[in-house]
$ cat run08.pdb   # PDB, C-alpha atoms and all ligand atoms
MODEL        1
ATOM      1  CA  MET A   1      -5.071  -9.325 -22.476  1.00  0.00           C
ATOM      2  CA  PHE A   2      -6.779  -6.368 -20.864  1.00  0.00           C
ATOM      3  CA  ILE A   3      -4.576  -3.304 -20.408  1.00  0.00           C
ATOM      4  CA  TRP A   4      -5.097  -1.034 -17.422  1.00  0.00           C
ATOM      5  CA  HIS A   5      -4.525   2.674 -17.878  1.00  0.00           C
ATOM      6  CA  TYR A   6      -3.420   3.811 -14.454  1.00  0.00           C
ATOM      7  CA  HIS A   7      -3.432   7.482 -15.411  1.00  0.00           C
ATOM      8  CA  LEU A   8      -7.209   7.234 -15.818  1.00  0.00           C
ATOM      9  CA  THR A   9      -7.664   6.289 -12.149  1.00  0.00           C
ATOM     10  CA  ARG A  10     -10.305   8.344 -10.395  1.00  0.00           C
ATOM     11  CA  PHE A  11     -11.444   8.878  -6.842  1.00  0.00           C
ATOM     12  CA  ILE A  12     -14.620   6.988  -5.878  1.00  0.00           C
ATOM     13  CA  THR A  13     -15.281   7.630  -2.204  1.00  0.00           C
ATOM     14  CA  SER A  14     -13.912   8.095   1.293  1.00  0.00           C
ATOM     15  CA  ALA A  15     -15.108   5.494   3.768  1.00  0.00           C
ATOM     16  CA  PRO A  16     -14.889   6.225   7.514  1.00  0.00           C
ATOM     17  CA  ASN A  17     -15.299   2.519   8.308  1.00  0.00           C
ATOM     18  CA  MET A  18     -15.709  -0.938   6.768  1.00  0.00           C
ATOM     19  CA  HIS A  19     -19.491  -0.603   6.485  1.00  0.00           C
ATOM     20  CA  CYS A  20     -19.167   2.335   4.111  1.00  0.00           C
ATOM     21  CA  LEU A  21     -16.971   0.568   1.563  1.00  0.00           C
ATOM     22  CA  PRO A  22     -18.360   0.011  -1.931  1.00  0.00           C
ATOM     23  CA  ASP A  23     -19.690  -3.439  -2.912  1.00  0.00           C
ATOM     24  CA  ASP A  24     -17.199  -6.211  -2.280  1.00  0.00           C
ATOM     25  CA  THR A  25     -16.990  -7.314  -5.923  1.00  0.00           C
ATOM     26  CA  GLY A  26     -14.240  -7.029  -8.513  1.00  0.00           C
ATOM     27  CA  VAL A  27     -10.592  -6.745  -7.483  1.00  0.00           C
ATOM     28  CA  GLU A  28      -9.093  -4.483  -4.857  1.00  0.00           C
ATOM     29  CA  VAL A  29      -5.470  -3.758  -3.972  1.00  0.00           C
ATOM     30  CA  ALA A  30      -4.639  -1.765  -0.843  1.00  0.00           C
ATOM     31  CA  PHE A  31      -1.773   0.553   0.040  1.00  0.00           C
ATOM     32  CA  ILE A  32      -0.814   0.235   3.685  1.00  0.00           C
ATOM     33  CA  GLY A  33       2.162   1.392   5.703  1.00  0.00           C
ATOM     34  CA  ARG A  34       3.255   3.526   8.595  1.00  0.00           C
ATOM     35  CA  SER A  35       2.153   7.082   8.689  1.00  0.00           C
ATOM     36  CA  ASN A  36       4.279   9.244   6.370  1.00  0.00           C
ATOM     37  CA  SER A  37       5.745   6.225   4.540  1.00  0.00           C
ATOM     38  CA  GLY A  38       4.607   7.653   1.208  1.00  0.00           C
ATOM     39  CA  LYS A  39       1.361   5.777   0.407  1.00  0.00           C
ATOM     40  CA  SER A  40      -0.523   8.720  -1.046  1.00  0.00           C
ATOM     41  CA  SER A  41       2.564   9.863  -2.972  1.00  0.00           C
ATOM     42  CA  ALA A  42       2.998   6.360  -4.427  1.00  0.00           C
ATOM     43  CA  LEU A  43      -0.602   6.377  -5.606  1.00  0.00           C
ATOM     44  CA  ASN A  44      -0.068   9.739  -7.279  1.00  0.00           C
ATOM     45  CA  ALA A  45       3.154   8.512  -8.916  1.00  0.00           C
ATOM     46  CA  LEU A  46       1.464   5.352 -10.139  1.00  0.00           C
ATOM     47  CA  THR A  47      -1.394   7.288 -11.701  1.00  0.00           C
ATOM     48  CA  ASN A  48       0.779  10.180 -12.840  1.00  0.00           C
ATOM     49  CA  GLN A  49      -1.599  12.589 -11.120  1.00  0.00           C
ATOM     50  CA  LYS A  50      -0.352  15.264  -8.733  1.00  0.00           C
ATOM     51  CA  ASN A  51      -3.223  15.462  -6.298  1.00  0.00           C
ATOM     52  CA  LEU A  52      -5.317  12.349  -6.676  1.00  0.00           C
ATOM     53  CA  ALA A  53      -4.465  11.261  -3.130  1.00  0.00           C
ATOM     54  CA  ARG A  54      -3.729  13.968  -0.556  1.00  0.00           C
ATOM     55  CA  THR A  55      -0.127  13.956   0.622  1.00  0.00           C
ATOM     56  CA  SER A  56       1.208  15.773   3.629  1.00  0.00           C
ATOM     57  CA  LYS A  57       4.314  16.373   5.708  1.00  0.00           C
ATOM     58  CA  THR A  58       2.150  15.877   8.800  1.00  0.00           C
ATOM     59  CA  PRO A  59       1.815  12.183   9.654  1.00  0.00           C
ATOM     60  CA  GLY A  60      -1.699  10.837   9.928  1.00  0.00           C
ATOM     61  CA  SER A  61      -3.131  13.002   7.159  1.00  0.00           C
ATOM     62  CA  THR A  62      -5.133  10.169   5.585  1.00  0.00           C
ATOM     63  CA  LYS A  63      -7.895   9.462   8.106  1.00  0.00           C
ATOM     64  CA  PHE A  64     -10.403   7.493   6.045  1.00  0.00           C
ATOM     65  CA  ILE A  65     -10.184   4.568   3.656  1.00  0.00           C
ATOM     66  CA  ASN A  66      -9.965   6.356   0.313  1.00  0.00           C
ATOM     67  CA  LEU A  67     -11.066   4.370  -2.703  1.00  0.00           C
ATOM     68  CA  PHE A  68     -10.062   4.850  -6.294  1.00  0.00           C
ATOM     69  CA  GLN A  69     -10.978   2.977  -9.412  1.00  0.00           C
ATOM     70  CA  VAL A  70      -8.562   2.234 -12.217  1.00  0.00           C
ATOM     71  CA  SER A  71     -11.490   1.046 -14.285  1.00  0.00           C
ATOM     72  CA  GLU A  72     -14.893  -0.451 -13.471  1.00  0.00           C
ATOM     73  CA  GLY A  73     -14.406  -3.163 -10.831  1.00  0.00           C
ATOM     74  CA  TYR A  74     -10.637  -2.614 -10.426  1.00  0.00           C
ATOM     75  CA  ARG A  75      -9.932  -0.600  -7.311  1.00  0.00           C
ATOM     76  CA  LEU A  76      -7.068   0.791  -5.277  1.00  0.00           C
ATOM     77  CA  THR A  77      -7.454   1.756  -1.641  1.00  0.00           C
ATOM     78  CA  ASP A  78      -5.363   4.223   0.314  1.00  0.00           C
ATOM     79  CA  LEU A  79      -5.627   3.275   3.967  1.00  0.00           C
ATOM     80  CA  PRO A  80      -4.784   5.458   6.939  1.00  0.00           C
ATOM     81  CA  GLY A  81      -1.186   5.113   8.098  1.00  0.00           C
ATOM     82  CA  TYR A  82      -0.394   3.219  11.277  1.00  0.00           C
ATOM     83  CA  GLY A  83       2.230   3.655  13.939  1.00  0.00           C
ATOM     84  CA  TYR A  84       2.121   7.422  14.359  1.00  0.00           C
ATOM     85  CA  SER A  85       3.438   7.935  17.894  1.00  0.00           C
ATOM     86  CA  LYS A  86       1.228  10.904  18.757  1.00  0.00           C
ATOM     87  CA  THR A  87      -1.978   9.068  17.939  1.00  0.00           C
ATOM     88  CA  SER A  88      -4.056   8.257  21.040  1.00  0.00           C
ATOM     89  CA  HIS A  89      -4.188   4.688  22.272  1.00  0.00           C
ATOM     90  CA  ASN A  90      -7.902   4.438  21.448  1.00  0.00           C
ATOM     91  CA  THR A  91      -7.357   5.546  17.864  1.00  0.00           C
ATOM     92  CA  LYS A  92      -4.530   3.012  17.480  1.00  0.00           C
ATOM     93  CA  VAL A  93      -6.786   0.218  18.711  1.00  0.00           C
ATOM     94  CA  GLN A  94      -9.532   1.361  16.329  1.00  0.00           C
ATOM     95  CA  TRP A  95      -7.126   1.409  13.373  1.00  0.00           C
ATOM     96  CA  ASN A  96      -5.778  -2.004  14.211  1.00  0.00           C
ATOM     97  CA  SER A  97      -9.246  -3.511  14.330  1.00  0.00           C
ATOM     98  CA  LEU A  98     -10.114  -1.757  11.057  1.00  0.00           C
ATOM     99  CA  PHE A  99      -7.097  -3.374   9.359  1.00  0.00           C
ATOM    100  CA  VAL A 100      -7.743  -6.794  10.822  1.00  0.00           C
ATOM    101  CA  ASN A 101     -11.378  -6.572   9.837  1.00  0.00           C
ATOM    102  CA  TYR A 102     -10.488  -5.374   6.335  1.00  0.00           C
ATOM    103  CA  LEU A 103      -7.873  -8.104   5.773  1.00  0.00           C
ATOM    104  CA  GLN A 104     -10.084 -10.862   7.108  1.00  0.00           C
ATOM    105  CA  SER A 105     -13.361  -9.969   5.493  1.00  0.00           C
ATOM    106  CA  ARG A 106     -12.731  -8.127   2.224  1.00  0.00           C
ATOM    107  CA  GLN A 107     -13.295 -10.823  -0.397  1.00  0.00           C
ATOM    108  CA  SER A 108     -12.152  -8.655  -3.306  1.00  0.00           C
ATOM    109  CA  LEU A 109      -8.810  -7.841  -1.633  1.00  0.00           C
ATOM    110  CA  ARG A 110      -6.298  -9.457  -3.986  1.00  0.00           C
ATOM    111  CA  GLY A 111      -3.008  -8.012  -2.821  1.00  0.00           C
ATOM    112  CA  LEU A 112      -1.399  -5.725  -0.336  1.00  0.00           C
ATOM    113  CA  LEU A 113       1.177  -3.049  -1.064  1.00  0.00           C
ATOM    114  CA  ILE A 114       3.131  -2.506   2.129  1.00  0.00           C
ATOM    115  CA  LEU A 115       5.134   0.700   2.033  1.00  0.00           C
ATOM    116  CA  MET A 116       8.123   1.320   4.261  1.00  0.00           C
ATOM    117  CA  ASP A 117      10.561   4.209   4.266  1.00  0.00           C
ATOM    118  CA  ILE A 118      13.784   2.581   3.047  1.00  0.00           C
ATOM    119  CA  ARG A 119      15.684   4.291   5.861  1.00  0.00           C
ATOM    120  CA  HIS A 120      13.490   2.665   8.553  1.00  0.00           C
ATOM    121  CA  PRO A 121      12.117  -0.621   7.214  1.00  0.00           C
ATOM    122  CA  LEU A 122      10.506  -3.534   9.032  1.00  0.00           C
ATOM    123  CA  LYS A 123       9.465  -1.898  12.267  1.00  0.00           C
ATOM    124  CA  LYS A 124       7.606  -4.153  14.678  1.00  0.00           C
ATOM    125  CA  ILE A 125       4.261  -2.853  13.459  1.00  0.00           C
ATOM    126  CA  ASP A 126       5.202  -3.536   9.797  1.00  0.00           C
ATOM    127  CA  LEU A 127       6.024  -7.132  10.705  1.00  0.00           C
ATOM    128  CA  HIS A 128       2.705  -7.373  12.508  1.00  0.00           C
ATOM    129  CA  MET A 129       0.873  -6.274   9.333  1.00  0.00           C
ATOM    130  CA  ILE A 130       2.945  -8.636   7.152  1.00  0.00           C
ATOM    131  CA  LEU A 131       2.139 -11.578   9.425  1.00  0.00           C
ATOM    132  CA  LEU A 132      -1.548 -10.672   9.429  1.00  0.00           C
ATOM    133  CA  ALA A 133      -1.557 -10.615   5.622  1.00  0.00           C
ATOM    134  CA  ILE A 134       0.232 -13.975   5.464  1.00  0.00           C
ATOM    135  CA  GLN A 135      -2.268 -15.502   7.904  1.00  0.00           C
ATOM    136  CA  ASN A 136      -5.040 -14.338   5.607  1.00  0.00           C
ATOM    137  CA  ASN A 137      -3.315 -15.661   2.461  1.00  0.00           C
ATOM    138  CA  ILE A 138      -2.907 -12.238   0.947  1.00  0.00           C
ATOM    139  CA  GLU A 139       0.006 -11.665  -1.403  1.00  0.00           C
ATOM    140  CA  ILE A 140       2.351  -8.812  -0.622  1.00  0.00           C
ATOM    141  CA  LEU A 141       4.486  -6.401  -2.570  1.00  0.00           C
ATOM    142  CA  ILE A 142       6.735  -4.390  -0.264  1.00  0.00           C
ATOM    143  CA  LEU A 143       7.774  -1.021  -1.657  1.00  0.00           C
ATOM    144  CA  LEU A 144      10.852   0.509  -0.028  1.00  0.00           C
ATOM    145  CA  THR A 145       9.944   4.147  -0.485  1.00  0.00           C
ATOM    146  CA  LYS A 146      11.961   7.377  -0.690  1.00  0.00           C
ATOM    147  CA  SER A 147      14.889   5.486  -2.223  1.00  0.00           C
ATOM    148  CA  ASP A 148      15.975   8.817  -3.739  1.00  0.00           C
ATOM    149  CA  LYS A 149      17.141   9.714  -0.209  1.00  0.00           C
ATOM    150  CA  LEU A 150      19.885   7.064  -0.153  1.00  0.00           C
ATOM    151  CA  SER A 151      22.858   6.235  -2.364  1.00  0.00           C
ATOM    152  CA  TYR A 152      22.755   3.337  -4.801  1.00  0.00           C
ATOM    153  CA  SER A 153      24.818   1.105  -2.514  1.00  0.00           C
ATOM    154  CA  SER A 154      22.842   1.974   0.626  1.00  0.00           C
ATOM    155  CA  ASN A 155      19.632   1.145  -1.238  1.00  0.00           C
ATOM    156  CA  LEU A 156      21.006  -2.283  -2.125  1.00  0.00           C
ATOM    157  CA  ILE A 157      22.097  -2.923   1.444  1.00  0.00           C
ATOM    158  CA  GLN A 158      18.606  -2.084   2.712  1.00  0.00           C
ATOM    159  CA  LEU A 159      16.937  -4.117  -0.039  1.00  0.00           C
ATOM    160  CA  ASN A 160      19.028  -7.190   0.812  1.00  0.00           C
ATOM    161  CA  LYS A 161      18.383  -6.747   4.518  1.00  0.00           C
ATOM    162  CA  VAL A 162      14.613  -6.697   3.989  1.00  0.00           C
ATOM    163  CA  ARG A 163      14.849  -9.650   1.534  1.00  0.00           C
ATOM    164  CA  LYS A 164      16.740 -11.684   4.111  1.00  0.00           C
ATOM    165  CA  GLU A 165      14.445 -10.846   7.007  1.00  0.00           C
ATOM    166  CA  THR A 166      11.275 -11.603   5.071  1.00  0.00           C
ATOM    167  CA  ALA A 167      12.622 -14.766   3.409  1.00  0.00           C
ATOM    168  CA  VAL A 168      12.103 -16.648   6.656  1.00  0.00           C
ATOM    169  CA  LEU A 169       8.390 -15.855   6.567  1.00  0.00           C
ATOM    170  CA  SER A 170       6.204 -18.273   4.687  1.00  0.00           C
ATOM    171  CA  GLY A 171       4.195 -15.766   2.651  1.00  0.00           C
ATOM    172  CA  LYS A 172       4.279 -14.720  -0.983  1.00  0.00           C
ATOM    173  CA  ILE A 173       6.323 -11.560  -0.665  1.00  0.00           C
ATOM    174  CA  LYS A 174       8.066  -9.472  -3.305  1.00  0.00           C
ATOM    175  CA  ILE A 175      10.201  -6.434  -2.546  1.00  0.00           C
ATOM    176  CA  GLU A 176      11.078  -3.472  -4.764  1.00  0.00           C
ATOM    177  CA  LEU A 177      12.827  -0.144  -4.428  1.00  0.00           C
ATOM    178  CA  PHE A 178      10.511   2.803  -4.905  1.00  0.00           C
ATOM    179  CA  SER A 179      10.631   6.574  -5.180  1.00  0.00           C
ATOM    180  CA  ALA A 180       7.599   8.702  -5.946  1.00  0.00           C
ATOM    181  CA  THR A 181       9.753  11.752  -6.649  1.00  0.00           C
ATOM    182  CA  LYS A 182      12.172   9.981  -9.004  1.00  0.00           C
ATOM    183  CA  LYS A 183       9.526   7.565 -10.318  1.00  0.00           C
ATOM    184  CA  ILE A 184      11.658   4.563  -9.366  1.00  0.00           C
ATOM    185  CA  GLY A 185       9.757   1.262  -9.209  1.00  0.00           C
ATOM    186  CA  VAL A 186       6.549   2.610 -10.732  1.00  0.00           C
ATOM    187  CA  ASP A 187       6.894   0.117 -13.613  1.00  0.00           C
ATOM    188  CA  LYS A 188       7.308  -2.777 -11.150  1.00  0.00           C
ATOM    189  CA  LEU A 189       4.266  -1.612  -9.228  1.00  0.00           C
ATOM    190  CA  GLN A 190       2.206  -1.502 -12.433  1.00  0.00           C
ATOM    191  CA  GLN A 191       3.404  -4.990 -13.409  1.00  0.00           C
ATOM    192  CA  GLN A 192       2.315  -6.409 -10.060  1.00  0.00           C
ATOM    193  CA  LEU A 193      -1.060  -4.685 -10.244  1.00  0.00           C
ATOM    194  CA  ASN A 194      -1.574  -6.080 -13.756  1.00  0.00           C
ATOM    195  CA  ILE A 195      -0.886  -9.579 -12.420  1.00  0.00           C
ATOM    196  CA  TRP A 196      -3.294  -9.193  -9.515  1.00  0.00           C
ATOM    197  CA  TYR A 197      -6.013  -7.586 -11.640  1.00  0.00           C
ATOM    198  CA  GLN A 198      -5.753 -10.380 -14.213  1.00  0.00           C
ATOM    199  CA  SER A 199      -6.212 -13.097 -11.622  1.00  0.00           C
ATOM    200  CA  PRO A 200      -9.039 -12.192  -9.238  1.00  0.00           C
ATOM    201  CA  ASN A 201      -9.798 -14.181  -6.098  1.00  0.00           C
ATOM    202  CA  LEU A 202     -12.152 -17.008  -6.914  1.00  0.00           C
TER
HETATM  203  N1  LIG B   1      12.063  12.371  -1.068  1.00  0.00           N
HETATM  204  C1  LIG B   1      10.891  11.753  -1.139  1.00  0.00           C
HETATM  205  N2  LIG B   1       9.866  12.153  -0.359  1.00  0.00           N
HETATM  206  C2  LIG B   1       8.699  11.471  -0.445  1.00  0.00           C
HETATM  207  C3  LIG B   1       8.530  10.371  -1.327  1.00  0.00           C
HETATM  208  N3  LIG B   1       7.274   9.891  -1.169  1.00  0.00           N
HETATM  209  C4  LIG B   1       6.680  10.678  -0.236  1.00  0.00           C
HETATM  210  N4  LIG B   1       7.534  11.634   0.201  1.00  0.00           N
HETATM  211  C5  LIG B   1       7.238  12.684   1.193  1.00  0.00           C
HETATM  212  O1  LIG B   1       6.892  12.066   2.442  1.00  0.00           O
HETATM  213  C6  LIG B   1       5.820  12.771   3.086  1.00  0.00           C
HETATM  214  C7  LIG B   1       4.654  11.821   3.342  1.00  0.00           C
HETATM  215  O2  LIG B   1       4.128  11.396   2.112  1.00  0.00           O
HETATM  216  P1  LIG B   1       2.615  10.857   1.976  1.00  0.00           P
HETATM  217  O3  LIG B   1       2.494  10.308   0.605  1.00  0.00           O
HETATM  218  O4  LIG B   1       1.639  11.911   2.388  1.00  0.00           O
HETATM  219  O5  LIG B   1       2.632   9.689   3.066  1.00  0.00           O
HETATM  220  P2  LIG B   1       1.434   8.760   3.574  1.00  0.00           P
HETATM  221  O6  LIG B   1       2.022   7.423   3.806  1.00  0.00           O
HETATM  222  O7  LIG B   1       0.268   8.846   2.631  1.00  0.00           O
HETATM  223  O8  LIG B   1       1.074   9.452   4.965  1.00  0.00           O
HETATM  224  P3  LIG B   1      -0.274   9.311   5.847  1.00  0.00           P
HETATM  225  O9  LIG B   1      -1.436   9.553   4.942  1.00  0.00           O
HETATM  226  O10 LIG B   1      -0.096  10.346   6.889  1.00  0.00           O
HETATM  227  O11 LIG B   1      -0.256   7.931   6.423  1.00  0.00           O
HETATM  228  C8  LIG B   1       5.476  13.938   2.153  1.00  0.00           C
HETATM  229  O12 LIG B   1       6.154  15.086   2.604  1.00  0.00           O
HETATM  230  C9  LIG B   1       6.004  13.483   0.800  1.00  0.00           C
HETATM  231  O13 LIG B   1       6.341  14.551  -0.050  1.00  0.00           O
HETATM  232  C10 LIG B   1       9.637   9.974  -2.147  1.00  0.00           C
HETATM  233  O14 LIG B   1       9.605   9.031  -2.957  1.00  0.00           O
HETATM  234  N5  LIG B   1      10.788  10.696  -2.012  1.00  0.00           N
HETATM  235 MG    MG B   2      -1.723   9.348   2.946  1.00  0.00          MG
ENDMDL
END

$ encode --input "run08.pdb" --output "C-alpha cells"
Amino acid sequence: MFIWHYHLTRFITSAPNMHCLPDDTGVEVAFIGRSNSGKSSALNALTNQKNLARTSKTPGSTKFINLFQVSEGYRLTDLPGYGYSKTSHNTKVQWNSLFVNYLQSRQSLRGLLILMDIRHPLKKIDLHMILLAIQNNIEILILLTKSDKLSYSSNLIQLNKVRKETAVLSGKIKIELFSATKKIGVDKLQQQLNIWYQSPNL
C-alpha cells in the first residue's frame, strides 16, 4: 500500500478560474466551506506546516483556487469561502457558478471536505453545497471545525445534531470533530484522504 506523507505537501499554483487549473488527471480532494470556517487552517494542520495555506481573521481571504500536491498526481485544493455577508451579489453569483462548474466537471475530484464551524453548522448555504455534491455523486467528509471552542458535551450535542440532519440525505457523508489548534480529527482526515487517494475515480 502506498503511504502518503502529508507533511511533504507543497503549493502548486493559484488558479483564478476553472480554466487555469492544472491537468484534470490523478486524484483531487477539495476543502470547501463558509468563509472563516477554518479551511486554510485545516490544511496547515493536516500538513503540519504553519503557513502553507494563508489563514486570516478577515473572512474572504482566500480568493483563488489554491492547489497543493501531496505527491505527484495527488492534490488538495483550498477553495474560496462562500457565504460571506459583505461580499457583493455579483461575486456571490460568480463563486456559486465556479463551485457548480468545479463539482460538475472536475473528473479527478474524488471527495469533498466540507468545513463548518461547530458553533454554526449546516447553514442554508452549507446544505446547498452538500446537495450539489450528492447530485454529482461526490463523497463528503464534514469536518466540524474549532471544536476546541466548545466543551466535550457541547461538541457531542452538535455532532449528533449534524449526524441526524444529514442522515436523511441520500449521499455518502461522514462527519468528524476537528480542531486545527488542538489537532483534533487530523488523523481521521488523513485516513479519509488515504481511502480516497487509494481509490481514484475510474
Ligand atoms: N480556535 C480555533 N480557531 C481556528 C481554528 N481553525 C481556524 N481558526 C481561526 O479562524 C479564522 C479563520 O481561519 P482560516 O483557516 O483562515 O479560514 P478559511 O475558511 O480558510 O477562511 P477564508 O479563506 O476566508 O474562506 C482564523 O483566525 C483562524 O486562526 C481552530 O481549530 N480553532
Ligand atoms: Mg482560506

$ resolve_selection --input "run08.pdb" --expression "the PyMOL selection byres (((chain A and resi 108) around 9) and not hetatm)" --output "count of residues only"
13

$ resolve_selection --input "run08.pdb" --expression "the PyMOL selection byres (((chain A and resi 165-173) around 9) and not hetatm)" --output "MDAnalysis selection string"
chainID A and resid 122 127 130:131 133:135 137:142 160:164 174:175

$ closest_residue --input "run08.pdb" --among "A:Leu143, A:Ala42, A:Leu132, A:Leu150" --to "ligand LIG 1 (chain B)" --atoms "all atoms listed in the file"
A:Ala42

$ resolve_selection --input "run08.pdb" --expression "the PyMOL selection byres (((not hetatm)) within 7 of (chain B and resi 1))" --output "PyMOL selection string"
chain A and resi 33-42+54-62+80-82+145-149+178-182

$ closest_residue --input "run08.pdb" --among "A:Leu112, A:Ile3, A:Leu79, A:Ala30" --to "Ala15 of chain A" --atoms "only C-alpha atoms"
A:Leu79

$ residues_around --input "run08.pdb" --residues "Asn66 of chain A" --least-positions-apart "5" --cutoff "9 Å" --atoms "all atoms listed in the file" --output "PDB file with C-alpha atoms, keeping the file's coordinate frame"
ATOM      1  CA  PHE A  11     -11.444   8.878  -6.842  1.00  0.00           C
ATOM      2  CA  ILE A  12     -14.620   6.988  -5.878  1.00  0.00           C
ATOM      3  CA  THR A  13     -15.281   7.630  -2.204  1.00  0.00           C
ATOM      4  CA  SER A  14     -13.912   8.095   1.293  1.00  0.00           C
ATOM      5  CA  ALA A  15     -15.108   5.494   3.768  1.00  0.00           C
ATOM      6  CA  PRO A  16     -14.889   6.225   7.514  1.00  0.00           C
ATOM      7  CA  ALA A  53      -4.465  11.261  -3.130  1.00  0.00           C
ATOM      8  CA  LEU A  76      -7.068   0.791  -5.277  1.00  0.00           C
ATOM      9  CA  THR A  77      -7.454   1.756  -1.641  1.00  0.00           C
ATOM     10  CA  ASP A  78      -5.363   4.223   0.314  1.00  0.00           C
ATOM     11  CA  LEU A  79      -5.627   3.275   3.967  1.00  0.00           C
ATOM     12  CA  PRO A  80      -4.784   5.458   6.939  1.00  0.00           C
TER      13      PRO A  80
END

$ closest_residue --input "run08.pdb" --among "A:Leu103, A:Leu98, A:Ile114, A:Met18" --to "Leu67 of chain A" --atoms "all atoms listed in the file"
A:Met18

$ residues_around --input "run08.pdb" --residues "Val186 of chain A" --least-positions-apart "3" --cutoff "6 Å" --atoms "all atoms listed in the file" --output "list in words"
Leu46, Lys183 and Leu189 of chain A

$ atom_distance --input "run08.pdb" --atom1 "atom CA of Val100 of chain A" --atom2 "atom CA of Ile195 of chain A"
24.4 Å

$ build_atoms --input "run08.pdb" --residues "segment 77-91 of chain A" --atoms "N, CA and C atoms" --output "PDB file, keeping the file's coordinate frame"
ATOM      1  N   THR A  77      -7.045   1.068  -2.856  1.00  0.00           N
ATOM      2  CA  THR A  77      -7.454   1.756  -1.641  1.00  0.00           C
ATOM      3  C   THR A  77      -6.235   2.325  -0.930  1.00  0.00           C
ATOM      4  N   ASP A  78      -6.407   3.529  -0.442  1.00  0.00           N
ATOM      5  CA  ASP A  78      -5.363   4.223   0.314  1.00  0.00           C
ATOM      6  C   ASP A  78      -5.830   4.231   1.761  1.00  0.00           C
ATOM      7  N   LEU A  79      -5.180   3.417   2.575  1.00  0.00           N
ATOM      8  CA  LEU A  79      -5.627   3.275   3.967  1.00  0.00           C
ATOM      9  C   LEU A  79      -4.881   4.241   4.883  1.00  0.00           C
ATOM     10  N   PRO A  80      -5.488   4.563   6.012  1.00  0.00           N
ATOM     11  CA  PRO A  80      -4.784   5.458   6.939  1.00  0.00           C
ATOM     12  C   PRO A  80      -3.480   4.818   7.406  1.00  0.00           C
ATOM     13  N   GLY A  81      -2.473   5.635   7.642  1.00  0.00           N
ATOM     14  CA  GLY A  81      -1.186   5.113   8.098  1.00  0.00           C
ATOM     15  C   GLY A  81      -1.272   4.633   9.531  1.00  0.00           C
ATOM     16  N   TYR A  82      -0.431   3.688   9.894  1.00  0.00           N
ATOM     17  CA  TYR A  82      -0.394   3.219  11.277  1.00  0.00           C
ATOM     18  C   TYR A  82       0.921   3.627  11.931  1.00  0.00           C
ATOM     19  N   GLY A  83       0.959   3.487  13.233  1.00  0.00           N
ATOM     20  CA  GLY A  83       2.230   3.655  13.939  1.00  0.00           C
ATOM     21  C   GLY A  83       2.658   5.078  14.200  1.00  0.00           C
ATOM     22  N   TYR A  84       1.741   6.039  14.059  1.00  0.00           N
ATOM     23  CA  TYR A  84       2.121   7.422  14.359  1.00  0.00           C
ATOM     24  C   TYR A  84       2.115   7.606  15.872  1.00  0.00           C
ATOM     25  N   SER A  85       3.273   7.978  16.443  1.00  0.00           N
ATOM     26  CA  SER A  85       3.438   7.935  17.894  1.00  0.00           C
ATOM     27  C   SER A  85       2.477   8.850  18.655  1.00  0.00           C
ATOM     28  N   LYS A  86       2.074   9.958  18.016  1.00  0.00           N
ATOM     29  CA  LYS A  86       1.228  10.904  18.757  1.00  0.00           C
ATOM     30  C   LYS A  86      -0.254  10.535  18.737  1.00  0.00           C
ATOM     31  N   THR A  87      -0.583   9.481  17.992  1.00  0.00           N
ATOM     32  CA  THR A  87      -1.978   9.068  17.939  1.00  0.00           C
ATOM     33  C   THR A  87      -2.381   8.478  19.288  1.00  0.00           C
ATOM     34  N   SER A  88      -3.610   8.767  19.738  1.00  0.00           N
ATOM     35  CA  SER A  88      -4.056   8.257  21.040  1.00  0.00           C
ATOM     36  C   SER A  88      -4.186   6.733  21.005  1.00  0.00           C
ATOM     37  N   HIS A  89      -4.113   6.147  22.166  1.00  0.00           N
ATOM     38  CA  HIS A  89      -4.188   4.688  22.272  1.00  0.00           C
ATOM     39  C   HIS A  89      -5.490   4.174  21.652  1.00  0.00           C
ATOM     40  N   ASN A  90      -6.594   4.863  21.966  1.00  0.00           N
ATOM     41  CA  ASN A  90      -7.902   4.438  21.448  1.00  0.00           C
ATOM     42  C   ASN A  90      -7.939   4.422  19.929  1.00  0.00           C
ATOM     43  N   THR A  91      -7.367   5.470  19.330  1.00  0.00           N
ATOM     44  CA  THR A  91      -7.357   5.546  17.864  1.00  0.00           C
ATOM     45  C   THR A  91      -6.519   4.412  17.284  1.00  0.00           C
TER      46      THR A  91
END
